Amino acid sequence: MFVKQVSVFLENKLGRLATVTKILGDNGIDISAMALADTTNFGILRMIVNNPDKAVSVLKEAGFTVSTTDVLAVEVDDRPGGLSAVLEVLQDNGISIEYAYSFIKRAGDKAFILFRVENPDRAVDLLKNTGIRVLEEKEVYAL
Amino acid sequence: MYWNKTFECMDREHLHELQSQRLVDTVKRVYFNVPYYRDKMQSVGLEPGDIKGVEDIAKLPFTIKQDLRDTYPYGMFAVPLSEVIRIHASSGTTGKPTVVGYTRKDIDTWAELVARVLTGVGAGRNSVVQVAYGYGLFTGGLGLHYGTERMGATVIPISGGNTRRQVMFMQDLGTTVLACTPSYALYIAETMEELGIKKEDLKLQAGIFGAEPWSDNMRKELEQRLGIKAIDIYGLSEVMGPGVACECLEQDGLHVFEDHFIPEVIDPDTGEVLPPGSIGELVITTITKEGLPVVRYRTRDITSLNFEPCACGRTHVRMSKVLGRTDDMLIIRGVNVFPSQIEHVLMNIGGTQPQYQLVVDRVNNLDELEVWVEIDDKLFSDEVRRLEDLENRITREIQNTLGINVTVKLVEPKTIARGDGKAKRVIDKRNI
Ligand SMILES: [Zn+2]
């Protein structure tokens with residue numbers, strides 16, 4: 001039910017992001033979602049790729065500090081207010097969101113948002129009970 | 001548990017008297033028997049009669065390692081070679097080694113002090129002491145060996161290396177005390193785990209570890225993995241060898257055997273003697289040695305002295321675990337900073353020691369210290385908040401330890417240049 005996100009530690013130096021995407025590209029790994037969270041000193045690159053294990057190993061080999069985290073891929077209607085239904089469910093049940101970001105690709109009138117939440121198992125149950133679609137890992141890679 | 005209660009627990013007044021007599025005698029001996037010392041004393045206008053007791057010690061000139069090199073090999077010996085029964089030598093990374101010589105009485109004293117160490121950690125005649133320090137020119141092996149024989153325990157003179165055999169002997173011969181460097185002890189513990197041998201399979205009670213600086217975290221690890229009390233022993237060949245100072249079971253500082261040595265702590269820059277408790281360079285004067293007495297020998301080791309009474313009942317002053325070497329010391333805004341202090345903070349935060357580097361610069365006439373810390377898998381988090389917390393925590397704890405402001409910078413792995421496997425710890429960009 002969870003999607004494996006690859007996180008990479010980056011210093012705020014020119015060209016580091018490009019280095020990562022090049023390494024992944026050279027190894028035939030596709031990036032379907034990406035977000036960079038940064039401070040003045042460093043950044044954390046979060047990505048959804050079609051082969052997370054391989055991504056981790058090639059990036060580690062290149063000397064990056066890399067980790068993987070389980071995140072939720074949630075389908076929302078691509079219209080104003082589409083996201084708020086999801087947020088309400090989580091908020092009403094006291095599940096805090098560490099961060100969220102959206103997919104690069106879209107499918108028709110649907111958008112996909114990735115969530116890193118405090119209690120992922122419970123969040124999945126709650127969302128499903130409300131009729132919100134949470135994507136399987138293989139569905140995400142197929143997008 | 002004392003080996004020699006009379007001396008180990010002697011009240012400080014008598015101890016002071018004894019030290020004074022022995023110092024006066026030592027100064028006379030070096031003045032009359034070692035031209036090098038005589039010249040040094042004369043050059044500052046000192047005669048043996050000027051030294052009447054411990055309170056006069058600061059009048060004497062220092063001795064440094066270079067003095068021993070300059071007089072290589074026997075120039076600083078205070079007795080003829082006919083009185084010397086053993087030689088040890090410390091490896092010189094550059095040029096000639098430093099050669100030290102011992103009379104029969106010196107060997108005897110050394111054995112006595114190591115016997116005190118062993119008794120102090122709870123060893124007795126039924127103990128089995130595995131000496132995994134190197135035997136030979138290095139003082140570790142033979143120093144521990146003679147002390148074990150002196151106190152009547154059984155010594156296994158296995159020396160260093162062949163770790164599987166070390167583990168086999170520990171198990172088969174019922175070793176109760178292991179003596180080696182702390183890093184080798186850790187390697188032995190790893191080998192044990194590989195071989196599937198548990199600490200419960202051994203009779204090990206204590207480890208006497210020295211010859212390299214080690215942290216309290218390493219102590220915890222060794223104690224936990226080997227099921228022992230890990231005891232720090234201090235010594236250096238120029239002064240004697242292991243057994244100049246050692247922890248008691250309280251593990252709160254190393255008692256310096258003051259009936260044989262007078263320790264001082266000085267400011268490494270000015271040479272000024274510092275008040276008790278201050279951190280500085282350890283200086284040692286031997287007061288019973290015959291072969292190679294040393295007067296105010298600068299050890300280059302950084303420590304502090306604690307004259308508070310110890311719960312174990314010994315009256316001898318305690319030096320802190322060695323914090324580093326003066327060679328590594330930095331002066332930032334007038335404050336002495338040792339890389340080991342920062343290492344200690346990082347170790348406490350991460351559990352393991354990440355790669356780090358200190359970058360010192362002078363901006364607008366003010367020293368600035370940056371601490372670069374490589375983010376490894378253990379420290380990394382995918383949440384910005386956590387990494388910022390980490391950055392703040394490192395900053396705060398280093399500032400608390402050093403008392404000066406620092407900027408902490410989290411950097412990617414392999415950012416810090418490594419020459420032959422070892423990371424360069426300090427980059428000083430100041431042009432002073
Ligand atoms: Zn004590």
# chains A, B, ... in the order shown; residues from 1 in each chain; ligands from 1
call {"tool": "residues_around", "arguments": {"residues": "Val8 of chain A", "least_positions_apart": "4", "cutoff": "8 Å", "atoms": "only C-alpha atoms", "output": "PyMOL selection string"}}
result
(chain A and resi 44-46+64-67) or (chain B and resi 382)
call {"tool": "residues_near_ligand", "arguments": {"ligand": "ligand 1", "cutoff": "7 Å", "atoms": "only C-alpha atoms and all ligand atoms", "output": "list in words"}}
result
Glu247, Cys248, Leu249, Glu250, His255, Cys310, Ala311, Cys312, Gly313 and Arg314 of chain B
call {"tool": "select_by_dssp", "arguments": {"residues": "segment 334-403 of chain B", "states": "helix (DSSP H, G or I)", "output": "ChimeraX atom specification"}}
result
/B:339-350,384-402
call {"tool": "interface_residues", "arguments": {"of": "chain A", "to": "chain B", "cutoff": "12 Å", "atoms": "only C-alpha atoms", "output": "PDB file with C-alpha atoms, in the first residue's frame"}}
result
ATOM      1  CA  GLN A   5      10.425   7.083  -1.647  1.00  0.00           C
ATOM      2  CA  VAL A   6      14.143   7.649  -2.161  1.00  0.00           C
ATOM      3  CA  SER A   7      15.604  10.546  -0.139  1.00  0.00           C
ATOM      4  CA  VAL A   8      19.006  12.043  -0.827  1.00  0.00           C
ATOM      5  CA  PHE A   9      21.050  14.469   1.258  1.00  0.00           C
ATOM      6  CA  LEU A  10      22.357  17.361  -0.840  1.00  0.00           C
ATOM      7  CA  GLU A  11      24.543  20.259   0.004  1.00  0.00           C
ATOM      8  CA  ASN A  12      23.329  23.516  -1.470  1.00  0.00           C
ATOM      9  CA  LYS A  13      25.949  23.504  -4.163  1.00  0.00           C
ATOM     10  CA  ARG A  16      24.235  18.553  -7.225  1.00  0.00           C
ATOM     11  CA  ALA A  35      10.544  17.480  -4.559  1.00  0.00           C
ATOM     12  CA  LEU A  36      13.473  19.359  -3.100  1.00  0.00           C
ATOM     13  CA  ALA A  37      13.182  20.641   0.450  1.00  0.00           C
ATOM     14  CA  ASP A  38      15.983  22.978   1.254  1.00  0.00           C
ATOM     15  CA  THR A  39      17.342  25.305   3.880  1.00  0.00           C
ATOM     16  CA  THR A  40      20.087  27.853   3.372  1.00  0.00           C
ATOM     17  CA  ASN A  41      22.708  25.200   4.032  1.00  0.00           C
ATOM     18  CA  PHE A  42      21.450  21.875   2.767  1.00  0.00           C
ATOM     19  CA  GLY A  43      18.627  20.175   0.958  1.00  0.00           C
ATOM     20  CA  ILE A  44      16.760  16.903   0.954  1.00  0.00           C
ATOM     21  CA  LEU A  45      15.762  15.544  -2.429  1.00  0.00           C
ATOM     22  CA  ARG A  46      12.729  13.244  -2.352  1.00  0.00           C
ATOM     23  CA  MET A  47      11.874  11.120  -5.340  1.00  0.00           C
ATOM     24  CA  VAL A  56      19.691   3.623  -3.781  1.00  0.00           C
ATOM     25  CA  LEU A  59      23.527   6.766  -5.672  1.00  0.00           C
ATOM     26  CA  LYS A  60      25.353   5.255  -2.703  1.00  0.00           C
ATOM     27  CA  GLU A  61      28.044   4.059  -5.017  1.00  0.00           C
ATOM     28  CA  ALA A  62      28.423   7.647  -6.210  1.00  0.00           C
ATOM     29  CA  GLY A  63      28.960   8.717  -2.593  1.00  0.00           C
ATOM     30  CA  PHE A  64      25.550  10.142  -1.693  1.00  0.00           C
ATOM     31  CA  THR A  65      23.797   9.581   1.614  1.00  0.00           C
ATOM     32  CA  VAL A  66      20.496   7.957   0.675  1.00  0.00           C
ATOM     33  CA  SER A  67      17.572   6.486   2.547  1.00  0.00           C
ATOM     34  CA  THR A  68      14.149   5.131   1.707  1.00  0.00           C
ATOM     35  CA  THR A  69      10.858   6.027   3.360  1.00  0.00           C
ATOM     36  CA  ASP A  70       7.336   4.697   2.930  1.00  0.00           C
ATOM     37  CA  VAL A  71       4.939   7.325   1.639  1.00  0.00           C
ATOM     38  CA  ILE A  97       1.566  15.271   7.733  1.00  0.00           C
ATOM     39  CA  GLU A  98       5.337  15.580   7.695  1.00  0.00           C
ATOM     40  CA  TYR A  99       5.294  16.721   4.085  1.00  0.00           C
ATOM     41  CA  ALA A 100       3.474  16.302   0.766  1.00  0.00           C
ATOM     42  CA  ARG A 116       4.574  11.344   4.349  1.00  0.00           C
ATOM     43  CA  VAL A 117       2.488  10.940   7.480  1.00  0.00           C
ATOM     44  CA  GLU A 118       3.135  10.045  11.036  1.00  0.00           C
TER      45      GLU A 118
END
call {"tool": "atom_distance", "arguments": {"atom1": "atom CA of Pro35 of chain B", "atom2": "atom CA of His260 of chain B"}}
result
23.2 Å
call {"tool": "atom_distance", "arguments": {"atom1": "atom CA of Glu194 of chain B", "atom2": "atom CA of Ser57 of chain A"}}
result
26.5 Å
call {"tool": "residues_around", "arguments": {"residues": "Gly241 of chain B", "least_positions_apart": "5", "cutoff": "6 Å", "atoms": "only C-alpha atoms", "output": "list of chain:residue names"}}
result
B:Thr139, B:Gly235, B:Leu236
call {"tool": "write_last_selection", "arguments": {"atoms": "all heavy atoms", "output": "PDB file, in the first residue's frame"}}
result
ATOM      1  N   THR B 139      57.218  -0.796  25.296  1.00  0.00           N
ATOM      2  CA  THR B 139      57.202  -1.069  26.737  1.00  0.00           C
ATOM      3  C   THR B 139      55.961  -1.836  27.207  1.00  0.00           C
ATOM      4  O   THR B 139      55.964  -2.390  28.311  1.00  0.00           O
ATOM      5  CB  THR B 139      57.249   0.258  27.527  1.00  0.00           C
ATOM      6  OG1 THR B 139      56.243   1.127  26.992  1.00  0.00           O
ATOM      7  CG2 THR B 139      58.603   0.909  27.434  1.00  0.00           C
ATOM      8  N   GLY B 235      51.005   5.665  30.426  1.00  0.00           N
ATOM      9  CA  GLY B 235      52.449   5.640  30.584  1.00  0.00           C
ATOM     10  C   GLY B 235      53.110   5.998  29.283  1.00  0.00           C
ATOM     11  O   GLY B 235      52.465   6.037  28.242  1.00  0.00           O
ATOM     12  N   LEU B 236      54.397   6.311  29.353  1.00  0.00           N
ATOM     13  CA  LEU B 236      55.142   6.567  28.129  1.00  0.00           C
ATOM     14  C   LEU B 236      56.574   6.144  28.396  1.00  0.00           C
ATOM     15  O   LEU B 236      57.055   6.229  29.533  1.00  0.00           O
ATOM     16  CB  LEU B 236      55.034   8.029  27.677  1.00  0.00           C
ATOM     17  CG  LEU B 236      55.502   9.156  28.569  1.00  0.00           C
ATOM     18  CD1 LEU B 236      55.468  10.458  27.785  1.00  0.00           C
ATOM     19  CD2 LEU B 236      54.620   9.301  29.791  1.00  0.00           C
TER      20      LEU B 236
END
call {"tool": "residues_around", "arguments": {"residues": "Gly147 of chain B", "least_positions_apart": "4", "cutoff": "6 Å", "atoms": "only C-alpha atoms", "output": "count of residues only"}}
result
3
call {"tool": "closest_residue", "arguments": {"among": "A:Val3, A:Ile113, A:Asp26, A:Ile132", "to": "Asn50 of chain A", "atoms": "only C-alpha atoms"}}
result
A:Val3
call {"tool": "closest_atom_pairs", "arguments": {"of": "segment 58-143 of chain B", "to": "segment 27-32 of chain B", "cutoff": "12 Å", "atoms": "only C-alpha atoms", "output": "CSV"}}
result
residue,atom,partner,partner_atom,distance
B:Lys59,CA,B:Val27,CA,11.6
B:Leu60,CA,B:Val27,CA,9.1
B:Pro61,CA,B:Val27,CA,11.3
B:Gly75,CA,B:Val30,CA,11.5
B:Met76,CA,B:Val30,CA,8.6
B:Phe77,CA,B:Val30,CA,8.8
B:Ala78,CA,B:Val30,CA,6.2
B:Val79,CA,B:Arg29,CA,9.2
call {"tool": "write_last_selection", "arguments": {"atoms": "N, CA and C atoms", "output": "PDB file, in the first residue's frame"}}
result
ATOM      1  N   LYS B  59      61.109  25.958  38.913  1.00  0.00           N
ATOM      2  CA  LYS B  59      62.349  26.663  38.543  1.00  0.00           C
ATOM      3  C   LYS B  59      63.159  25.867  37.521  1.00  0.00           C
ATOM      4  N   LEU B  60      62.918  24.552  37.495  1.00  0.00           N
ATOM      5  CA  LEU B  60      63.722  23.685  36.636  1.00  0.00           C
ATOM      6  C   LEU B  60      63.301  23.802  35.179  1.00  0.00           C
ATOM      7  N   PRO B  61      64.270  23.706  34.274  1.00  0.00           N
ATOM      8  CA  PRO B  61      63.919  23.750  32.852  1.00  0.00           C
ATOM      9  C   PRO B  61      63.164  22.485  32.432  1.00  0.00           C
ATOM     10  N   GLY B  75      73.047   9.543  25.900  1.00  0.00           N
ATOM     11  CA  GLY B  75      73.497  10.806  26.472  1.00  0.00           C
ATOM     12  C   GLY B  75      72.773  11.279  27.725  1.00  0.00           C
ATOM     13  N   MET B  76      71.531  10.873  27.924  1.00  0.00           N
ATOM     14  CA  MET B  76      70.787  11.345  29.100  1.00  0.00           C
ATOM     15  C   MET B  76      70.762  10.298  30.214  1.00  0.00           C
ATOM     16  N   PHE B  77      71.447   9.159  30.018  1.00  0.00           N
ATOM     17  CA  PHE B  77      71.483   8.154  31.081  1.00  0.00           C
ATOM     18  C   PHE B  77      72.259   8.718  32.268  1.00  0.00           C
ATOM     19  N   ALA B  78      71.786   8.422  33.468  1.00  0.00           N
ATOM     20  CA  ALA B  78      72.430   8.961  34.668  1.00  0.00           C
ATOM     21  C   ALA B  78      73.302   7.927  35.375  1.00  0.00           C
ATOM     22  N   VAL B  79      73.417   6.746  34.771  1.00  0.00           N
ATOM     23  CA  VAL B  79      74.277   5.702  35.338  1.00  0.00           C
ATOM     24  C   VAL B  79      75.141   5.133  34.218  1.00  0.00           C
TER      25      VAL B  79
END
call {"tool": "residues_around", "arguments": {"residues": "Trp110 of chain B", "least_positions_apart": "3", "cutoff": "9 Å", "atoms": "only C-alpha atoms", "output": "ChimeraX atom specification"}}
result
/B:105-107,113-115,143,146-147,240-244
call {"tool": "write_last_selection", "arguments": {"atoms": "N, CA and C atoms", "output": "mmCIF file, in the first residue's frame"}}
result
data_model
loop_
_atom_site.group_PDB
_atom_site.id
_atom_site.type_symbol
_atom_site.label_atom_id
_atom_site.label_comp_id
_atom_site.auth_asym_id
_atom_site.auth_seq_id
_atom_site.Cartn_x
_atom_site.Cartn_y
_atom_site.Cartn_z
ATOM 1 N N LYS B 105 66.845 -1.658 39.702
ATOM 2 C CA LYS B 105 65.856 -1.045 40.590
ATOM 3 C C LYS B 105 64.699 -0.424 39.792
ATOM 4 N N ASP B 106 65.003 0.134 38.620
ATOM 5 C CA ASP B 106 63.948 0.712 37.784
ATOM 6 C C ASP B 106 62.940 -0.360 37.345
ATOM 7 N N ILE B 107 63.473 -1.508 36.935
ATOM 8 C CA ILE B 107 62.602 -2.615 36.502
ATOM 9 C C ILE B 107 61.739 -3.059 37.682
ATOM 10 N N LEU B 113 54.683 -1.028 40.309
ATOM 11 C CA LEU B 113 53.573 -0.154 39.928
ATOM 12 C C LEU B 113 52.528 -0.901 39.107
ATOM 13 N N VAL B 114 52.962 -1.794 38.245
ATOM 14 C CA VAL B 114 51.992 -2.579 37.475
ATOM 15 C C VAL B 114 51.261 -3.552 38.410
ATOM 16 N N ALA B 115 51.959 -4.056 39.428
ATOM 17 C CA ALA B 115 51.297 -4.916 40.425
ATOM 18 C C ALA B 115 50.200 -4.119 41.147
ATOM 19 N N GLY B 143 56.296 -4.603 30.231
ATOM 20 C CA GLY B 143 55.859 -3.858 31.413
ATOM 21 C C GLY B 143 54.763 -4.593 32.156
ATOM 22 N N TYR B 146 56.072 -8.190 33.664
ATOM 23 C CA TYR B 146 56.814 -8.206 34.939
ATOM 24 C C TYR B 146 55.906 -7.876 36.116
ATOM 25 N N GLY B 147 54.965 -6.974 35.880
ATOM 26 C CA GLY B 147 54.047 -6.617 36.952
ATOM 27 C C GLY B 147 53.149 -7.782 37.356
ATOM 28 N N MET B 240 58.719 5.848 31.792
ATOM 29 C CA MET B 240 58.853 4.492 32.308
ATOM 30 C C MET B 240 58.217 3.494 31.336
ATOM 31 N N GLY B 241 56.916 3.663 31.114
ATOM 32 C CA GLY B 241 56.127 2.717 30.333
ATOM 33 C C GLY B 241 54.766 2.668 30.982
ATOM 34 N N PRO B 242 53.892 1.723 30.610
ATOM 35 C CA PRO B 242 52.567 1.684 31.224
ATOM 36 C C PRO B 242 52.671 1.497 32.731
ATOM 37 N N GLY B 243 51.849 2.246 33.466
ATOM 38 C CA GLY B 243 51.909 2.129 34.921
ATOM 39 C C GLY B 243 52.365 3.416 35.585
ATOM 40 N N VAL B 244 52.490 4.495 34.812
ATOM 41 C CA VAL B 244 52.772 5.800 35.413
ATOM 42 C C VAL B 244 51.507 6.266 36.153
#
call {"tool": "residues_around", "arguments": {"residues": "segment 225-234 of chain B", "least_positions_apart": "2", "cutoff": "9 Å", "atoms": "only C-alpha atoms", "output": "VMD selection string"}}
result
chain B and resid 117 121 177 182 185 to 186 189 to 190 198 to 200 202 204 to 212 214 219 to 223 236 241 to 249 251 253 to 254 256 321 to 322
call {"tool": "select_by_dssp", "arguments": {"residues": "segment 267-360 of chain B", "states": "strand (DSSP E)", "output": "ChimeraX atom specification"}}
result
/B:280-286,297-303,305-306,318-319,324-325,330-332,335-337,356-360
call {"tool": "closest_residue", "arguments": {"among": "A:Ile95, A:Asp78, A:Val49, A:Gly131", "to": "Leu143 of chain A", "atoms": "only C-alpha atoms"}}
result
A:Val49
call {"tool": "atom_distance", "arguments": {"atom1": "atom CA of Gln66 of chain B", "atom2": "atom CA of Phe261 of chain B"}}
result
20.9 Å
call {"tool": "residues_around", "arguments": {"residues": "Pro73 of chain B", "least_positions_apart": "2", "cutoff": "9 Å", "atoms": "only C-alpha atoms", "output": "number ranges by chain"}}
result
B: 68-71, 75-77, 96-100
call {"tool": "write_last_selection", "arguments": {"atoms": "N, CA and C atoms", "output": "tab-separated table (two decimals), in the first residue's frame"}}
result
chain	number	residue	atom	x	y	z
B	68	LEU	N	66.10	14.05	24.03
B	68	LEU	CA	66.50	12.64	23.99
B	68	LEU	C	67.06	12.27	22.61
B	69	ARG	N	66.50	12.89	21.59
B	69	ARG	CA	67.02	12.64	20.24
B	69	ARG	C	68.42	13.24	20.08
B	70	ASP	N	68.57	14.45	20.62
B	70	ASP	CA	69.86	15.13	20.49
B	70	ASP	C	70.98	14.39	21.20
B	71	THR	N	70.64	13.63	22.22
B	71	THR	CA	71.67	12.95	23.01
B	71	THR	C	71.68	11.45	22.73
B	75	GLY	N	73.05	9.54	25.90
B	75	GLY	CA	73.50	10.81	26.47
B	75	GLY	C	72.77	11.28	27.72
B	76	MET	N	71.53	10.87	27.92
B	76	MET	CA	70.79	11.35	29.10
B	76	MET	C	70.76	10.30	30.21
B	77	PHE	N	71.45	9.16	30.02
B	77	PHE	CA	71.48	8.15	31.08
B	77	PHE	C	72.26	8.72	32.27
B	96	LYS	N	65.87	9.12	14.24
B	96	LYS	CA	66.25	8.09	15.20
B	96	LYS	C	65.15	7.86	16.23
B	97	PRO	N	65.07	6.63	16.74
B	97	PRO	CA	64.12	6.38	17.83
B	97	PRO	C	64.63	7.00	19.13
B	98	THR	N	63.79	6.99	20.15
B	98	THR	CA	64.22	7.43	21.47
B	98	THR	C	64.56	6.19	22.28
B	99	VAL	N	65.77	6.16	22.82
B	99	VAL	CA	66.23	4.99	23.56
B	99	VAL	C	66.15	5.27	25.06
B	100	VAL	N	65.56	4.33	25.79
B	100	VAL	CA	65.47	4.51	27.24
B	100	VAL	C	66.10	3.31	27.93
call {"tool": "closest_residue", "arguments": {"among": "A:Val74, A:Leu127, A:Leu90, A:Ile48", "to": "Tyr141 of chain A", "atoms": "only C-alpha atoms"}}
result
A:Ile48
call {"tool": "decode", "arguments": {"residues": "segment 327-336 of chain B", "atoms": "all heavy atoms", "output": "PDB file, in the first residue's frame"}}
result
ATOM      1  N   ASP B 327      50.069  18.713  19.955  1.00  0.00           N
ATOM      2  CA  ASP B 327      50.302  18.932  18.522  1.00  0.00           C
ATOM      3  C   ASP B 327      48.997  19.258  17.789  1.00  0.00           C
ATOM      4  O   ASP B 327      49.003  19.911  16.762  1.00  0.00           O
ATOM      5  CB  ASP B 327      50.910  17.695  17.875  1.00  0.00           C
ATOM      6  CG  ASP B 327      51.972  17.052  18.735  1.00  0.00           C
ATOM      7  OD1 ASP B 327      51.681  16.690  19.896  1.00  0.00           O
ATOM      8  OD2 ASP B 327      53.094  16.938  18.260  1.00  0.00           O
ATOM      9  N   ASP B 328      47.869  18.753  18.326  1.00  0.00           N
ATOM     10  CA  ASP B 328      46.583  18.955  17.659  1.00  0.00           C
ATOM     11  C   ASP B 328      45.871  20.214  18.151  1.00  0.00           C
ATOM     12  O   ASP B 328      44.798  20.544  17.677  1.00  0.00           O
ATOM     13  CB  ASP B 328      45.634  17.781  17.950  1.00  0.00           C
ATOM     14  CG  ASP B 328      46.235  16.457  17.543  1.00  0.00           C
ATOM     15  OD1 ASP B 328      47.025  16.462  16.582  1.00  0.00           O
ATOM     16  OD2 ASP B 328      45.928  15.444  18.181  1.00  0.00           O
ATOM     17  N   MET B 329      46.452  20.877  19.145  1.00  0.00           N
ATOM     18  CA  MET B 329      45.720  21.966  19.793  1.00  0.00           C
ATOM     19  C   MET B 329      45.600  23.198  18.896  1.00  0.00           C
ATOM     20  O   MET B 329      46.524  23.564  18.197  1.00  0.00           O
ATOM     21  CB  MET B 329      46.416  22.359  21.092  1.00  0.00           C
ATOM     22  CG  MET B 329      45.600  23.333  21.916  1.00  0.00           C
ATOM     23  SD  MET B 329      46.439  23.824  23.422  1.00  0.00           S
ATOM     24  CE  MET B 329      47.602  25.023  22.760  1.00  0.00           C
ATOM     25  N   LEU B 330      44.415  23.804  18.963  1.00  0.00           N
ATOM     26  CA  LEU B 330      44.181  25.044  18.228  1.00  0.00           C
ATOM     27  C   LEU B 330      43.883  26.129  19.248  1.00  0.00           C
ATOM     28  O   LEU B 330      43.251  25.855  20.260  1.00  0.00           O
ATOM     29  CB  LEU B 330      42.924  24.904  17.383  1.00  0.00           C
ATOM     30  CG  LEU B 330      42.991  24.066  16.130  1.00  0.00           C
ATOM     31  CD1 LEU B 330      41.583  23.686  15.735  1.00  0.00           C
ATOM     32  CD2 LEU B 330      43.632  24.882  15.023  1.00  0.00           C
ATOM     33  N   ILE B 331      44.305  27.342  18.959  1.00  0.00           N
ATOM     34  CA  ILE B 331      43.898  28.434  19.834  1.00  0.00           C
ATOM     35  C   ILE B 331      42.938  29.311  19.039  1.00  0.00           C
ATOM     36  O   ILE B 331      43.308  29.880  18.016  1.00  0.00           O
ATOM     37  CB  ILE B 331      45.099  29.245  20.325  1.00  0.00           C
ATOM     38  CG1 ILE B 331      46.063  28.292  21.046  1.00  0.00           C
ATOM     39  CG2 ILE B 331      44.660  30.354  21.283  1.00  0.00           C
ATOM     40  CD1 ILE B 331      47.371  28.921  21.415  1.00  0.00           C
ATOM     41  N   ILE B 332      41.685  29.331  19.479  1.00  0.00           N
ATOM     42  CA  ILE B 332      40.668  30.104  18.773  1.00  0.00           C
ATOM     43  C   ILE B 332      40.106  31.146  19.731  1.00  0.00           C
ATOM     44  O   ILE B 332      39.575  30.791  20.784  1.00  0.00           O
ATOM     45  CB  ILE B 332      39.553  29.176  18.240  1.00  0.00           C
ATOM     46  CG1 ILE B 332      40.173  28.174  17.256  1.00  0.00           C
ATOM     47  CG2 ILE B 332      38.450  29.986  17.571  1.00  0.00           C
ATOM     48  CD1 ILE B 332      39.287  27.029  16.905  1.00  0.00           C
ATOM     49  N   ARG B 333      40.263  32.397  19.371  1.00  0.00           N
ATOM     50  CA  ARG B 333      39.870  33.508  20.255  1.00  0.00           C
ATOM     51  C   ARG B 333      40.426  33.307  21.658  1.00  0.00           C
ATOM     52  O   ARG B 333      39.724  33.491  22.657  1.00  0.00           O
ATOM     53  CB  ARG B 333      38.356  33.630  20.336  1.00  0.00           C
ATOM     54  CG  ARG B 333      37.782  34.102  19.027  1.00  0.00           C
ATOM     55  CD  ARG B 333      36.319  34.429  19.168  1.00  0.00           C
ATOM     56  NE  ARG B 333      35.650  34.133  17.928  1.00  0.00           N
ATOM     57  CZ  ARG B 333      34.344  34.045  17.787  1.00  0.00           C
ATOM     58  NH1 ARG B 333      33.557  34.215  18.819  1.00  0.00           N
ATOM     59  NH2 ARG B 333      33.813  33.788  16.635  1.00  0.00           N
ATOM     60  N   GLY B 334      41.668  32.866  21.709  1.00  0.00           N
ATOM     61  CA  GLY B 334      42.335  32.724  23.000  1.00  0.00           C
ATOM     62  C   GLY B 334      41.956  31.476  23.775  1.00  0.00           C
ATOM     63  O   GLY B 334      42.456  31.241  24.864  1.00  0.00           O
ATOM     64  N   VAL B 335      41.057  30.675  23.209  1.00  0.00           N
ATOM     65  CA  VAL B 335      40.633  29.461  23.918  1.00  0.00           C
ATOM     66  C   VAL B 335      41.338  28.253  23.301  1.00  0.00           C
ATOM     67  O   VAL B 335      41.413  28.138  22.078  1.00  0.00           O
ATOM     68  CB  VAL B 335      39.096  29.293  23.799  1.00  0.00           C
ATOM     69  CG1 VAL B 335      38.631  27.990  24.422  1.00  0.00           C
ATOM     70  CG2 VAL B 335      38.391  30.478  24.442  1.00  0.00           C
ATOM     71  N   ASN B 336      41.869  27.372  24.164  1.00  0.00           N
ATOM     72  CA  ASN B 336      42.492  26.157  23.659  1.00  0.00           C
ATOM     73  C   ASN B 336      41.409  25.165  23.224  1.00  0.00           C
ATOM     74  O   ASN B 336      40.531  24.826  23.999  1.00  0.00           O
ATOM     75  CB  ASN B 336      43.343  25.491  24.733  1.00  0.00           C
ATOM     76  CG  ASN B 336      44.544  26.351  25.097  1.00  0.00           C
ATOM     77  OD1 ASN B 336      44.849  27.323  24.413  1.00  0.00           O
ATOM     78  ND2 ASN B 336      45.217  25.986  26.158  1.00  0.00           N
TER      79      ASN B 336
END
